[in-house]
$ cat data38.txt   # compact mmCIF, C-alpha atoms
# COMPACT_ATOMS: atom_id res chain seq x y z
CA ASP A 1 -42.76 160.70 86.08
CA THR A 2 -44.54 163.13 88.39
CA GLY A 3 -47.76 164.81 87.48
CA VAL A 4 -49.14 168.17 88.52
CA SER A 5 -49.01 168.67 92.27
CA GLN A 6 -50.91 171.14 94.41
CA ASN A 7 -50.45 172.19 98.01
CA PRO A 8 -52.14 172.25 100.37
CA ARG A 9 -54.84 169.73 99.50
CA HIS A 10 -57.23 171.23 102.00
CA LYS A 11 -57.41 174.68 103.55
CA ILE A 12 -59.89 175.90 106.14
CA THR A 13 -59.78 179.58 106.94
CA LYS A 14 -61.88 182.25 108.55
CA ARG A 15 -63.54 184.96 106.54
CA GLY A 16 -61.24 187.92 106.01
CA GLN A 17 -58.00 185.92 106.13
CA ASN A 18 -55.56 185.64 103.23
CA VAL A 19 -54.70 182.26 101.72
CA THR A 20 -52.11 181.13 99.20
CA PHE A 21 -52.07 177.96 97.13
CA ARG A 22 -49.18 176.49 95.20
CA CYS A 23 -49.13 174.52 91.96
CA ASP A 24 -46.14 172.63 90.57
CA PRO A 25 -46.73 171.72 86.91
CA ILE A 26 -45.21 168.89 84.93
CA SER A 27 -41.59 169.96 84.56
CA GLU A 28 -41.34 170.62 80.82
CA HIS A 29 -44.78 172.24 80.51
CA ASN A 30 -44.74 175.92 79.62
CA ARG A 31 -48.44 176.64 80.10
CA LEU A 32 -50.19 176.69 83.45
CA TYR A 33 -53.91 177.19 84.07
CA TRP A 34 -56.00 177.85 87.17
CA TYR A 35 -59.63 176.79 87.37
CA ARG A 36 -62.23 177.00 90.13
CA GLN A 37 -64.85 174.32 90.74
CA THR A 38 -67.82 174.88 93.03
CA LEU A 39 -70.10 172.14 94.27
CA GLY A 40 -72.18 170.60 91.52
CA GLN A 41 -70.52 172.58 88.76
CA GLY A 42 -67.83 172.02 86.21
CA PRO A 43 -64.48 173.79 86.53
CA GLU A 44 -64.41 177.43 85.43
CA PHE A 45 -61.35 179.09 83.92
CA LEU A 46 -59.64 181.71 86.08
CA THR A 47 -56.30 182.55 84.46
CA TYR A 48 -53.36 181.11 82.56
CA PHE A 49 -49.64 181.62 82.11
CA GLN A 50 -47.30 181.02 79.23
CA ASN A 51 -43.94 180.65 80.96
CA GLU A 52 -43.89 183.54 83.47
CA ALA A 53 -46.31 185.79 81.58
CA GLN A 54 -49.93 185.93 82.73
CA LEU A 55 -51.78 186.19 79.44
CA GLU A 56 -55.45 186.13 80.36
CA LYS A 57 -57.62 186.60 83.42
CA SER A 58 -61.28 185.72 83.69
CA ARG A 59 -63.82 188.20 84.95
CA LEU A 60 -64.30 185.70 87.79
CA LEU A 61 -60.91 186.77 89.10
CA SER A 62 -61.71 189.75 91.29
CA ASP A 63 -59.14 192.21 92.61
CA ARG A 64 -58.78 190.05 95.72
CA PHE A 65 -57.24 187.29 93.62
CA SER A 66 -53.69 187.37 92.33
CA ALA A 67 -51.67 184.71 90.59
CA GLU A 68 -47.96 184.56 89.86
CA ARG A 69 -45.51 182.30 88.11
CA PRO A 70 -42.25 184.11 88.80
CA LYS A 71 -39.74 181.78 87.18
CA GLY A 72 -42.01 180.07 84.72
CA SER A 73 -42.15 176.95 86.85
CA PHE A 74 -44.43 176.75 89.91
CA SER A 75 -47.34 179.12 90.37
CA THR A 76 -49.12 180.61 93.37
CA LEU A 77 -52.71 181.76 93.68
CA GLU A 78 -53.44 184.17 96.52
CA ILE A 79 -56.85 185.19 97.75
CA GLN A 80 -56.98 188.24 100.01
CA ARG A 81 -59.77 188.96 102.48
CA THR A 82 -61.48 185.66 101.81
CA GLU A 83 -65.26 185.49 101.62
CA GLN A 84 -67.57 182.52 102.09
CA GLY A 85 -68.28 182.60 98.37
CA ASP A 86 -64.63 181.76 97.72
CA SER A 87 -65.20 178.25 99.10
CA ALA A 88 -64.45 175.92 96.20
CA MET A 89 -61.95 173.47 94.75
CA TYR A 90 -59.09 175.29 93.03
CA LEU A 91 -57.60 173.23 90.22
CA CYS A 92 -54.32 173.72 88.44
CA ALA A 93 -53.49 172.27 85.04
CA SER A 94 -50.43 172.38 82.80
CA SER A 95 -49.73 171.73 79.14
CA LEU A 96 -46.98 172.02 76.56
CA ALA A 97 -47.52 174.65 73.88
CA GLY A 98 -45.68 174.27 70.63
CA ARG A 99 -44.52 177.08 68.42
CA ARG A 100 -47.45 178.98 67.01
CA PRO A 101 -49.28 178.98 64.73
CA PHE A 102 -48.32 175.56 63.58
CA ARG A 103 -48.88 173.64 66.77
CA ARG A 104 -51.58 173.95 69.36
CA THR A 105 -51.09 172.92 72.91
CA ASP A 106 -51.02 169.40 74.15
CA THR A 107 -53.58 168.04 76.57
CA GLN A 108 -54.10 169.87 79.87
CA TYR A 109 -53.11 167.67 82.81
CA PHE A 110 -54.82 168.46 86.08
CA GLY A 111 -53.57 168.33 89.63
CA PRO A 112 -55.61 166.96 92.55
CA GLY A 113 -56.84 170.41 93.54
CA THR A 114 -56.90 172.47 96.74
CA ARG A 115 -60.22 172.47 98.54
CA LEU A 116 -60.82 175.81 100.27
CA THR A 117 -63.42 176.19 102.99
CA VAL A 118 -64.09 179.70 104.28
CA LEU A 119 -65.92 179.79 107.60
CA ALA B 1 -67.81 182.05 72.71
CA GLN B 2 -68.27 178.37 73.32
CA SER B 3 -70.49 176.41 75.70
CA VAL B 4 -71.25 172.83 76.70
CA THR B 5 -74.51 171.21 77.75
CA GLN B 6 -74.55 167.84 79.48
CA LEU B 7 -78.01 166.34 79.58
CA GLY B 8 -78.67 164.44 82.79
CA SER B 9 -76.83 165.44 85.93
CA HIS B 10 -77.24 161.89 87.25
CA VAL B 11 -77.20 158.66 85.26
CA SER B 12 -77.59 155.17 86.73
CA VAL B 13 -76.86 151.98 84.81
CA SER B 14 -76.59 148.37 85.82
CA GLU B 15 -73.22 146.67 85.86
CA GLY B 16 -72.62 145.24 82.39
CA ALA B 17 -75.08 147.58 80.68
CA LEU B 18 -74.36 150.24 78.08
CA VAL B 19 -73.16 153.60 79.35
CA LEU B 20 -74.29 156.68 77.38
CA LEU B 21 -73.44 160.17 78.62
CA ARG B 22 -74.66 163.03 76.47
CA CYS B 23 -72.79 166.18 75.53
CA ASN B 24 -73.77 168.96 73.15
CA TYR B 25 -71.60 171.94 72.41
CA SER B 26 -71.85 175.37 70.92
CA SER B 27 -68.88 176.93 69.19
CA SER B 28 -68.42 179.59 66.56
CA VAL B 29 -65.37 177.82 65.15
CA PRO B 30 -64.41 174.15 64.81
CA PRO B 31 -63.98 172.95 68.38
CA TYR B 32 -61.66 170.62 70.15
CA LEU B 33 -63.68 168.34 72.45
CA PHE B 34 -62.73 166.45 75.57
CA TRP B 35 -64.15 164.09 78.15
CA TYR B 36 -62.64 164.12 81.63
CA VAL B 37 -63.44 161.88 84.60
CA GLN B 38 -63.24 162.95 88.23
CA TYR B 39 -63.18 160.53 91.13
CA PRO B 40 -64.09 161.77 94.62
CA ASN B 41 -61.59 164.26 96.06
CA GLN B 42 -59.34 163.97 93.02
CA GLY B 43 -58.48 166.11 90.03
CA LEU B 44 -59.62 165.49 86.47
CA GLN B 45 -58.25 162.72 84.31
CA LEU B 46 -58.50 162.85 80.53
CA LEU B 47 -60.56 160.01 79.05
CA LEU B 48 -60.35 161.01 75.40
CA LYS B 49 -60.20 163.97 73.06
CA TYR B 50 -61.20 164.95 69.54
CA THR B 51 -59.09 167.42 67.63
CA THR B 52 -59.16 166.60 63.94
CA GLY B 53 -59.42 163.51 61.76
CA ALA B 54 -61.42 160.44 62.68
CA THR B 55 -64.69 161.36 64.32
CA LEU B 56 -64.88 158.20 66.44
CA VAL B 57 -62.37 158.56 69.24
CA LYS B 58 -61.29 155.79 71.56
CA GLY B 59 -60.08 156.52 75.05
CA ILE B 60 -58.96 154.80 78.20
CA ASN B 61 -60.94 152.25 80.20
CA GLY B 62 -62.99 151.17 77.18
CA PHE B 63 -64.70 154.52 76.60
CA GLU B 64 -65.26 156.07 73.20
CA ALA B 65 -67.01 159.13 71.81
CA GLU B 66 -68.18 160.22 68.38
CA PHE B 67 -67.98 163.78 67.10
CA LYS B 68 -71.12 164.60 65.10
CA LYS B 69 -70.82 168.06 63.62
CA SER B 70 -74.37 168.10 62.22
CA GLU B 71 -75.77 167.37 65.68
CA THR B 72 -73.13 169.41 67.57
CA SER B 73 -72.73 166.41 69.84
CA PHE B 74 -69.91 164.43 71.42
CA HIS B 75 -71.61 161.66 73.40
CA LEU B 76 -69.54 159.29 75.53
CA THR B 77 -70.24 155.55 75.46
CA LYS B 78 -68.97 152.32 76.93
CA PRO B 79 -70.45 148.96 75.92
CA SER B 80 -70.37 147.36 79.36
CA ALA B 81 -70.32 149.28 82.63
CA HIS B 82 -68.01 148.29 85.46
CA MET B 83 -68.35 149.20 89.10
CA SER B 84 -65.10 151.17 88.87
CA ASP B 85 -66.71 153.51 86.30
CA ALA B 86 -68.72 155.23 89.04
CA ALA B 87 -67.50 158.84 88.99
CA GLU B 88 -68.29 162.33 87.72
CA TYR B 89 -67.80 162.91 84.00
CA PHE B 90 -67.19 166.28 82.39
CA CYS B 91 -67.40 167.23 78.75
CA ALA B 92 -65.29 170.21 77.71
CA VAL B 93 -64.65 172.30 74.62
CA SER B 94 -61.81 174.55 73.61
CA LEU B 95 -61.08 176.64 70.57
CA ASN B 96 -58.45 175.39 68.16
CA PHE B 97 -56.42 178.56 68.62
CA GLY B 98 -55.62 181.10 71.31
CA ASN B 99 -55.05 180.08 74.89
CA GLU B 100 -57.10 176.91 74.48
CA LYS B 101 -58.77 177.33 77.85
CA LEU B 102 -61.34 174.65 78.54
CA THR B 103 -65.04 175.39 78.93
CA PHE B 104 -66.71 172.61 80.89
CA GLY B 105 -70.22 171.31 81.18
CA THR B 106 -71.84 170.93 84.58
CA GLY B 107 -70.98 167.25 84.76
CA THR B 108 -72.82 163.94 84.92
CA ARG B 109 -72.57 161.71 87.97
CA LEU B 110 -72.54 158.07 86.88
CA THR B 111 -73.78 155.46 89.34
CA ILE B 112 -73.34 151.75 88.66
CA ILE B 113 -75.97 149.41 90.07
CA PRO B 114 -74.63 145.99 91.09

$ encode --input "data38.txt" --output "structure tokens"
Amino acid sequence: DTGVSQNPRHKITKRGQNVTFRCDPISEHNRLYWYRQTLGQGPEFLTYFQNEAQLEKSRLLSDRFSAERPKGSFSTLEIQRTEQGDSAMYLCASSLAGRRPFRRTDTQYFGPGTRLTVL
Amino acid sequence: AQSVTQLGSHVSVSEGALVLLRCNYSSSVPPYLFWYVQYPNQGLQLLLKYTTGATLVKGINGFEAEFKKSETSFHLTKPSAHMSDAAEYFCAVSLNFGNEKLTFGTGTRLTIIP
């Protein structure tokens, strides 16, 4: 039984470069979430998908950020023209949502995260 | 909108002593409440959750938490601390409908003194 996986685990980049992270959720999970965690803070919600549809984006997600989940399985998070303020841990989580409105989602299971350092 | 306040960014307890980590929440509707633990350079692992029903919730590794609606609290306890409990602990809240995104507190770093 594999959990949520994220690649790469660490990424160091120079300011202005583009980076892309990948998240592979638990196989039967239809919901996928992205969170960002900066030093000394709790994770903050960025966006989430139900299958391949991106249903909500936080105001934290500027135009430089884009997320996709093309086939409803893995997801990618791309940051264009990185800034030093983008340095953070990017966490992915997945869950199984039942049919609404009778069932809410199951627990969110988190991956190990991708730590981004922008120099 | 919902929010979470964790009192005490750092807590130190002696090995074998009671662990008490405090969490208060604000929510306009009945919340779902969670405690997650994070070890260094790792993701978050669920300790326990409250959705409905019994207000005293038992989790993994001997932890438990009690939902107190009148106090808007969900404090985490463990009767006897172990060295392996040293980690960062996050309380989180979500609404019981919608996308169920989690809103986290700022975390409490637990140190165990030998």

$ residues_near_point --input "data38.txt" --point "(-41.6, 179.6, 80.0)" --cutoff "8 Å" --atoms "all atoms listed in the file" --output "tab-separated table (two decimals) with C-alpha atoms, keeping the file's coordinate frame"
chain	number	residue	atom	x	y	z
A	30	ASN	CA	-44.74	175.92	79.62
A	31	ARG	CA	-48.44	176.64	80.10
A	50	GLN	CA	-47.30	181.02	79.23
A	51	ASN	CA	-43.94	180.65	80.96
A	52	GLU	CA	-43.89	183.54	83.47
A	53	ALA	CA	-46.31	185.79	81.58
A	71	LYS	CA	-39.74	181.78	87.18
A	72	GLY	CA	-42.01	180.07	84.72
A	73	SER	CA	-42.15	176.95	86.85

$ closest_residue --input "data38.txt" --among "B:Ile112, B:Val4, B:Val19, B:Ala86" --to "chain A" --atoms "all atoms listed in the file"
B:Val4

$ residues_around --input "data38.txt" --residues "Gly16 (chain B)" --least-positions-apart "6" --cutoff "9 Å" --atoms "only C-alpha atoms" --output "VMD selection string"
chain B and resid 79 to 83 114

$ residues_around --input "data38.txt" --residues "Ala88 (chain A)" --least-positions-apart "5" --cutoff "10 Å" --atoms "only C-alpha atoms" --output "count of residues only"
11

$ interface_residues --input "data38.txt" --of "chain B" --to "chain A" --cutoff "9 Å" --atoms "only C-alpha atoms" --output "list of chain:residue names"
B:Ser9, B:Asn41, B:Gln42, B:Gly43, B:Leu44, B:Gln45, B:Leu46, B:Lys49, B:Phe90, B:Cys91, B:Asn96, B:Phe97, B:Gly98, B:Asn99, B:Glu100, B:Lys101, B:Leu102, B:Thr103, B:Phe104, B:Gly105, B:Thr106, B:Gly107

$ atom_distance --input "data38.txt" --atom1 "CA of Lys58 (chain B)" --atom2 "CA of Leu76 (chain B)"
9.8 Å

$ atom_distance --input "data38.txt" --atom1 "CA of Phe34 (chain B)" --atom2 "CA of Leu47 (chain B)"
7.6 Å

$ closest_residue --input "data38.txt" --among "A:Leu96, A:Leu77, A:Leu119, A:Leu60" --to "Val19 (chain A)" --atoms "only C-alpha atoms"
A:Leu77

$ decode --input "data38.txt" --residues "region 63-109 of chain A" --atoms "N, CA and C atoms" --output "PDB file, in the first residue's frame"
ATOM      1  N   ASP A  63      -0.723  34.580 -10.182  1.00  0.00           N
ATOM      2  CA  ASP A  63      -0.753  34.193 -11.590  1.00  0.00           C
ATOM      3  C   ASP A  63       0.492  33.410 -11.995  1.00  0.00           C
ATOM      4  N   ARG A  64       1.534  33.468 -11.198  1.00  0.00           N
ATOM      5  CA  ARG A  64       2.753  32.727 -11.524  1.00  0.00           C
ATOM      6  C   ARG A  64       2.621  31.234 -11.197  1.00  0.00           C
ATOM      7  N   PHE A  65       1.587  30.900 -10.454  1.00  0.00           N
ATOM      8  CA  PHE A  65       1.372  29.513 -10.047  1.00  0.00           C
ATOM      9  C   PHE A  65       0.299  28.881 -10.936  1.00  0.00           C
ATOM     10  N   SER A  66       0.540  27.657 -11.347  1.00  0.00           N
ATOM     11  CA  SER A  66      -0.497  26.912 -12.052  1.00  0.00           C
ATOM     12  C   SER A  66      -0.426  25.451 -11.639  1.00  0.00           C
ATOM     13  N   ALA A  67      -1.586  24.863 -11.476  1.00  0.00           N
ATOM     14  CA  ALA A  67      -1.661  23.464 -11.089  1.00  0.00           C
ATOM     15  C   ALA A  67      -2.559  22.731 -12.078  1.00  0.00           C
ATOM     16  N   GLU A  68      -2.200  21.481 -12.332  1.00  0.00           N
ATOM     17  CA  GLU A  68      -2.976  20.653 -13.247  1.00  0.00           C
ATOM     18  C   GLU A  68      -3.118  19.253 -12.696  1.00  0.00           C
ATOM     19  N   ARG A  69      -4.164  18.598 -13.125  1.00  0.00           N
ATOM     20  CA  ARG A  69      -4.357  17.175 -12.827  1.00  0.00           C
ATOM     21  C   ARG A  69      -5.045  16.577 -14.053  1.00  0.00           C
ATOM     22  N   PRO A  70      -4.295  16.418 -15.135  1.00  0.00           N
ATOM     23  CA  PRO A  70      -4.874  16.166 -16.452  1.00  0.00           C
ATOM     24  C   PRO A  70      -5.717  14.901 -16.579  1.00  0.00           C
ATOM     25  N   LYS A  71      -5.369  13.850 -15.931  1.00  0.00           N
ATOM     26  CA  LYS A  71      -6.115  12.608 -16.078  1.00  0.00           C
ATOM     27  C   LYS A  71      -6.768  12.199 -14.773  1.00  0.00           C
ATOM     28  N   GLY A  72      -6.851  13.124 -13.846  1.00  0.00           N
ATOM     29  CA  GLY A  72      -7.457  12.806 -12.570  1.00  0.00           C
ATOM     30  C   GLY A  72      -6.619  11.907 -11.695  1.00  0.00           C
ATOM     31  N   SER A  73      -5.325  11.769 -12.050  1.00  0.00           N
ATOM     32  CA  SER A  73      -4.471  10.935 -11.200  1.00  0.00           C
ATOM     33  C   SER A  73      -3.399  11.823 -10.583  1.00  0.00           C
ATOM     34  N   PHE A  74      -2.196  11.879 -11.166  1.00  0.00           N
ATOM     35  CA  PHE A  74      -1.143  12.708 -10.595  1.00  0.00           C
ATOM     36  C   PHE A  74      -1.437  14.183 -10.879  1.00  0.00           C
ATOM     37  N   SER A  75      -0.753  15.039 -10.143  1.00  0.00           N
ATOM     38  CA  SER A  75      -0.916  16.477 -10.324  1.00  0.00           C
ATOM     39  C   SER A  75       0.458  17.127 -10.402  1.00  0.00           C
ATOM     40  N   THR A  76       0.528  18.260 -11.097  1.00  0.00           N
ATOM     41  CA  THR A  76       1.743  19.058 -11.136  1.00  0.00           C
ATOM     42  C   THR A  76       1.435  20.473 -10.664  1.00  0.00           C
ATOM     43  N   LEU A  77       2.398  21.047  -9.987  1.00  0.00           N
ATOM     44  CA  LEU A  77       2.329  22.445  -9.558  1.00  0.00           C
ATOM     45  C   LEU A  77       3.532  23.161 -10.152  1.00  0.00           C
ATOM     46  N   GLU A  78       3.289  24.162 -10.977  1.00  0.00           N
ATOM     47  CA  GLU A  78       4.363  24.900 -11.615  1.00  0.00           C
ATOM     48  C   GLU A  78       4.412  26.320 -11.071  1.00  0.00           C
ATOM     49  N   ILE A  79       5.602  26.768 -10.795  1.00  0.00           N
ATOM     50  CA  ILE A  79       5.816  28.159 -10.399  1.00  0.00           C
ATOM     51  C   ILE A  79       6.705  28.807 -11.452  1.00  0.00           C
ATOM     52  N   GLN A  80       6.216  29.855 -12.071  1.00  0.00           N
ATOM     53  CA  GLN A  80       6.984  30.577 -13.080  1.00  0.00           C
ATOM     54  C   GLN A  80       7.674  31.785 -12.437  1.00  0.00           C
ATOM     55  N   ARG A  81       8.834  32.101 -12.963  1.00  0.00           N
ATOM     56  CA  ARG A  81       9.579  33.295 -12.519  1.00  0.00           C
ATOM     57  C   ARG A  81       9.661  33.330 -10.987  1.00  0.00           C
ATOM     58  N   THR A  82      10.274  32.299 -10.450  1.00  0.00           N
ATOM     59  CA  THR A  82      10.304  32.155  -8.991  1.00  0.00           C
ATOM     60  C   THR A  82      10.904  33.379  -8.302  1.00  0.00           C
ATOM     61  N   GLU A  83      10.396  33.627  -7.107  1.00  0.00           N
ATOM     62  CA  GLU A  83      10.869  34.719  -6.254  1.00  0.00           C
ATOM     63  C   GLU A  83      11.336  34.111  -4.932  1.00  0.00           C
ATOM     64  N   GLN A  84      12.149  34.867  -4.198  1.00  0.00           N
ATOM     65  CA  GLN A  84      12.660  34.340  -2.932  1.00  0.00           C
ATOM     66  C   GLN A  84      11.525  34.046  -1.958  1.00  0.00           C
ATOM     67  N   GLY A  85      10.452  34.787  -2.054  1.00  0.00           N
ATOM     68  CA  GLY A  85       9.303  34.557  -1.196  1.00  0.00           C
ATOM     69  C   GLY A  85       8.573  33.257  -1.473  1.00  0.00           C
ATOM     70  N   ASP A  86       8.903  32.608  -2.579  1.00  0.00           N
ATOM     71  CA  ASP A  86       8.284  31.312  -2.897  1.00  0.00           C
ATOM     72  C   ASP A  86       8.946  30.168  -2.133  1.00  0.00           C
ATOM     73  N   SER A  87      10.073  30.444  -1.487  1.00  0.00           N
ATOM     74  CA  SER A  87      10.772  29.406  -0.725  1.00  0.00           C
ATOM     75  C   SER A  87       9.859  28.878   0.376  1.00  0.00           C
ATOM     76  N   ALA A  88       9.620  27.593   0.357  1.00  0.00           N
ATOM     77  CA  ALA A  88       8.659  26.980   1.288  1.00  0.00           C
ATOM     78  C   ALA A  88       8.668  25.482   1.058  1.00  0.00           C
ATOM     79  N   MET A  89       7.904  24.781   1.908  1.00  0.00           N
ATOM     80  CA  MET A  89       7.615  23.359   1.685  1.00  0.00           C
ATOM     81  C   MET A  89       6.255  23.294   1.006  1.00  0.00           C
ATOM     82  N   TYR A  90       6.176  22.593  -0.100  1.00  0.00           N
ATOM     83  CA  TYR A  90       4.917  22.427  -0.826  1.00  0.00           C
ATOM     84  C   TYR A  90       4.409  21.009  -0.563  1.00  0.00           C
ATOM     85  N   LEU A  91       3.242  20.943   0.058  1.00  0.00           N
ATOM     86  CA  LEU A  91       2.671  19.673   0.492  1.00  0.00           C
ATOM     87  C   LEU A  91       1.479  19.306  -0.382  1.00  0.00           C
ATOM     88  N   CYS A  92       1.379  18.051  -0.676  1.00  0.00           N
ATOM     89  CA  CYS A  92       0.248  17.515  -1.429  1.00  0.00           C
ATOM     90  C   CYS A  92      -0.505  16.550  -0.517  1.00  0.00           C
ATOM     91  N   ALA A  93      -1.806  16.529  -0.630  1.00  0.00           N
ATOM     92  CA  ALA A  93      -2.619  15.592   0.140  1.00  0.00           C
ATOM     93  C   ALA A  93      -3.710  15.033  -0.758  1.00  0.00           C
ATOM     94  N   SER A  94      -4.186  13.846  -0.448  1.00  0.00           N
ATOM     95  CA  SER A  94      -5.296  13.286  -1.215  1.00  0.00           C
ATOM     96  C   SER A  94      -6.327  12.682  -0.274  1.00  0.00           C
ATOM     97  N   SER A  95      -7.557  12.582  -0.778  1.00  0.00           N
ATOM     98  CA  SER A  95      -8.639  11.995   0.008  1.00  0.00           C
ATOM     99  C   SER A  95      -9.666  11.392  -0.936  1.00  0.00           C
ATOM    100  N   LEU A  96     -10.583  10.639  -0.353  1.00  0.00           N
ATOM    101  CA  LEU A  96     -11.634  10.000  -1.137  1.00  0.00           C
ATOM    102  C   LEU A  96     -12.950  10.667  -0.774  1.00  0.00           C
ATOM    103  N   ALA A  97     -13.579  11.297  -1.751  1.00  0.00           N
ATOM    104  CA  ALA A  97     -14.859  11.964  -1.528  1.00  0.00           C
ATOM    105  C   ALA A  97     -15.984  11.047  -1.943  1.00  0.00           C
ATOM    106  N   GLY A  98     -16.947  10.893  -1.052  1.00  0.00           N
ATOM    107  CA  GLY A  98     -18.104  10.090  -1.396  1.00  0.00           C
ATOM    108  C   GLY A  98     -19.109  10.927  -2.156  1.00  0.00           C
ATOM    109  N   ARG A  99     -20.235  10.282  -2.489  1.00  0.00           N
ATOM    110  CA  ARG A  99     -21.257  11.008  -3.225  1.00  0.00           C
ATOM    111  C   ARG A  99     -21.908  12.005  -2.311  1.00  0.00           C
ATOM    112  N   ARG A 100     -22.075  13.226  -2.789  1.00  0.00           N
ATOM    113  CA  ARG A 100     -22.627  14.288  -1.977  1.00  0.00           C
ATOM    114  C   ARG A 100     -24.141  14.296  -2.124  1.00  0.00           C
ATOM    115  N   PRO A 101     -24.912  14.776  -1.168  1.00  0.00           N
ATOM    116  CA  PRO A 101     -24.417  15.381   0.067  1.00  0.00           C
ATOM    117  C   PRO A 101     -24.358  14.417   1.237  1.00  0.00           C
ATOM    118  N   PHE A 102     -24.439  13.148   0.918  1.00  0.00           N
ATOM    119  CA  PHE A 102     -24.596  12.210   2.032  1.00  0.00           C
ATOM    120  C   PHE A 102     -23.277  11.812   2.675  1.00  0.00           C
ATOM    121  N   ARG A 103     -22.191  11.966   1.954  1.00  0.00           N
ATOM    122  CA  ARG A 103     -20.914  11.567   2.531  1.00  0.00           C
ATOM    123  C   ARG A 103     -19.890  12.660   2.336  1.00  0.00           C
ATOM    124  N   ARG A 104     -19.211  13.018   3.387  1.00  0.00           N
ATOM    125  CA  ARG A 104     -18.109  13.952   3.257  1.00  0.00           C
ATOM    126  C   ARG A 104     -16.862  13.159   2.926  1.00  0.00           C
ATOM    127  N   THR A 105     -15.793  13.893   2.741  1.00  0.00           N
ATOM    128  CA  THR A 105     -14.563  13.215   2.341  1.00  0.00           C
ATOM    129  C   THR A 105     -13.951  12.459   3.509  1.00  0.00           C
ATOM    130  N   ASP A 106     -13.124  11.552   3.170  1.00  0.00           N
ATOM    131  CA  ASP A 106     -12.327  10.830   4.136  1.00  0.00           C
ATOM    132  C   ASP A 106     -11.164  11.731   4.549  1.00  0.00           C
ATOM    133  N   THR A 107     -10.345  11.215   5.412  1.00  0.00           N
ATOM    134  CA  THR A 107      -9.172  11.934   5.898  1.00  0.00           C
ATOM    135  C   THR A 107      -8.246  12.324   4.757  1.00  0.00           C
ATOM    136  N   GLN A 108      -7.602  13.484   4.876  1.00  0.00           N
ATOM    137  CA  GLN A 108      -6.568  13.883   3.920  1.00  0.00           C
ATOM    138  C   GLN A 108      -5.244  13.253   4.346  1.00  0.00           C
ATOM    139  N   TYR A 109      -4.619  12.563   3.414  1.00  0.00           N
ATOM    140  CA  TYR A 109      -3.326  11.922   3.644  1.00  0.00           C
ATOM    141  C   TYR A 109      -2.256  12.741   2.927  1.00  0.00           C
TER     142      TYR A 109
END
